[in-house]
Amino acid sequence: MPDPDDPAPPDAPAEAARHASARSARASALTEDYVEIIADLLAREGEARPTDIARRLGVAHATAIKTIARLKRDGLAHARPYRGVFLTDAGIALARRVKARHQTVVAFLGAIGVPEAIAEADAEGIEHHVSDETLAAFERFLAQRPRRR
């Protein structure tokens with residue numbers, strides 16, 4: 001018999017949907033991290049070698065190779081023999097969206113007083129999980145703030 005003093009149990013379908021959304025975000029976060037790192041390496045160094053990708057992400061070379069293969073299968077990247085990994089147009093578009101999300105989250109956290117180094121670290125997780133609606137609210141908040149000189 002339910003205890004009348006206990007709060008109502010959560011709505012099971014809604015709770016299940018939230019958990020499914022979180023699992024999906026974790027899976028896409030890996031893809032997003034890889035395309036973001038590849039884009040950064042290409043911009044800074046002109047190439048993105050699997051060894052450099054693995055080093056930047058702190059994973060084993062074999063793990064990077066496996067994930068790069070998935071990016072290729074998903075149409076986000078391609079590789080040239082002896083030249084490293086490159087992003088397709090879809091991969092470039094994803095990398096730009098991820099970078100923009102990251103910058104918005106960092107700016108929002110900074111605007112509410114989070115120190116820059118902490119904002120950067122926290123943004124690495126938040127950027128993958130924040131909804132488009134919440135991100136839009138961050139952007140509205142930032143747009144309303146006076147610009148610092």
# chains A, B, ... in the order shown; residues from 1 in each chain; ligands from 1

$ select_by_dssp --residues "range 18-136 of chain A" --states "helix (DSSP H, G or I)" --output "JSON, numbers by chain"
{"A": [18, 19, 20, 21, 22, 23, 24, 25, 26, 27, 28, 29, 30, 31, 32, 33, 34, 35, 36, 37, 38, 39, 40, 41, 42, 43, 44, 45, 50, 51, 52, 53, 54, 55, 56, 57, 61, 62, 63, 64, 65, 66, 67, 68, 69, 70, 71, 72, 73, 89, 90, 91, 92, 93, 94, 95, 96, 97, 98, 99, 100, 101, 102, 103, 104, 105, 106, 107, 108, 109, 110, 111, 116, 117, 118, 119, 120, 121, 122, 123, 124, 125, 126, 127, 128, 129, 132, 133, 134, 135, 136]}

$ select_by_dssp --residues "chain A" --states "strand (DSSP E or B)" --output "ChimeraX atom specification"
/A:77-80,84-87

$ closest_residue --among "A:Glu47, A:Asp11, A:Glu133, A:Glu32" --to "Gly84 in chain A" --atoms "only C-alpha atoms"
A:Glu47

$ residues_around --residues "range 111-113 of chain A" --least-positions-apart "4" --cutoff "10 Å" --atoms "only C-alpha atoms" --output "list in words"
Val105, Val106, Ala107, Ala119, Phe138, Phe141, Leu142 and Arg145 of chain A

$ write_last_selection --atoms "N, CA, C and O atoms" --output "tab-separated table (two decimals), in the first residue's frame"
chain	number	residue	atom	x	y	z
A	105	VAL	N	28.18	27.91	-23.90
A	105	VAL	CA	28.16	27.41	-22.52
A	105	VAL	C	29.27	28.08	-21.70
A	105	VAL	O	29.04	28.53	-20.57
A	106	VAL	N	30.47	28.19	-22.25
A	106	VAL	CA	31.58	28.84	-21.54
A	106	VAL	C	31.23	30.29	-21.24
A	106	VAL	O	31.43	30.78	-20.13
A	107	ALA	N	30.68	30.98	-22.23
A	107	ALA	CA	30.31	32.39	-22.03
A	107	ALA	C	29.24	32.53	-20.96
A	107	ALA	O	29.32	33.43	-20.11
A	119	ALA	N	34.92	26.97	-16.04
A	119	ALA	CA	33.90	27.07	-17.09
A	119	ALA	C	34.29	26.21	-18.28
A	119	ALA	O	33.45	25.49	-18.85
A	138	PHE	N	20.38	30.47	-22.74
A	138	PHE	CA	21.72	30.98	-22.43
A	138	PHE	C	22.05	32.14	-23.38
A	138	PHE	O	22.56	33.17	-22.97
A	141	PHE	N	20.11	35.26	-22.57
A	141	PHE	CA	20.69	35.85	-21.36
A	141	PHE	C	21.94	36.64	-21.72
A	141	PHE	O	22.13	37.79	-21.30
A	142	LEU	N	22.81	36.03	-22.52
A	142	LEU	CA	24.07	36.67	-22.89
A	142	LEU	C	23.82	37.91	-23.76
A	142	LEU	O	24.51	38.92	-23.61
A	145	ARG	N	22.92	41.05	-21.68
A	145	ARG	CA	23.93	41.60	-20.78
A	145	ARG	C	24.72	42.70	-21.50
A	145	ARG	O	25.02	42.57	-22.68

$ closest_residue --among "A:Ala100, A:Ala143, A:Leu87, A:Val130" --to "Ala48 in chain A" --atoms "only C-alpha atoms"
A:Leu87

$ atom_distance --atom1 "CA of Pro115 in chain A" --atom2 "CA of Glu127 in chain A"
16.9 Å

$ closest_residue --among "A:Gly125, A:Ile53, A:Ile92, A:Gly110" --to "Lys66 in chain A" --atoms "only C-alpha atoms"
A:Ile53
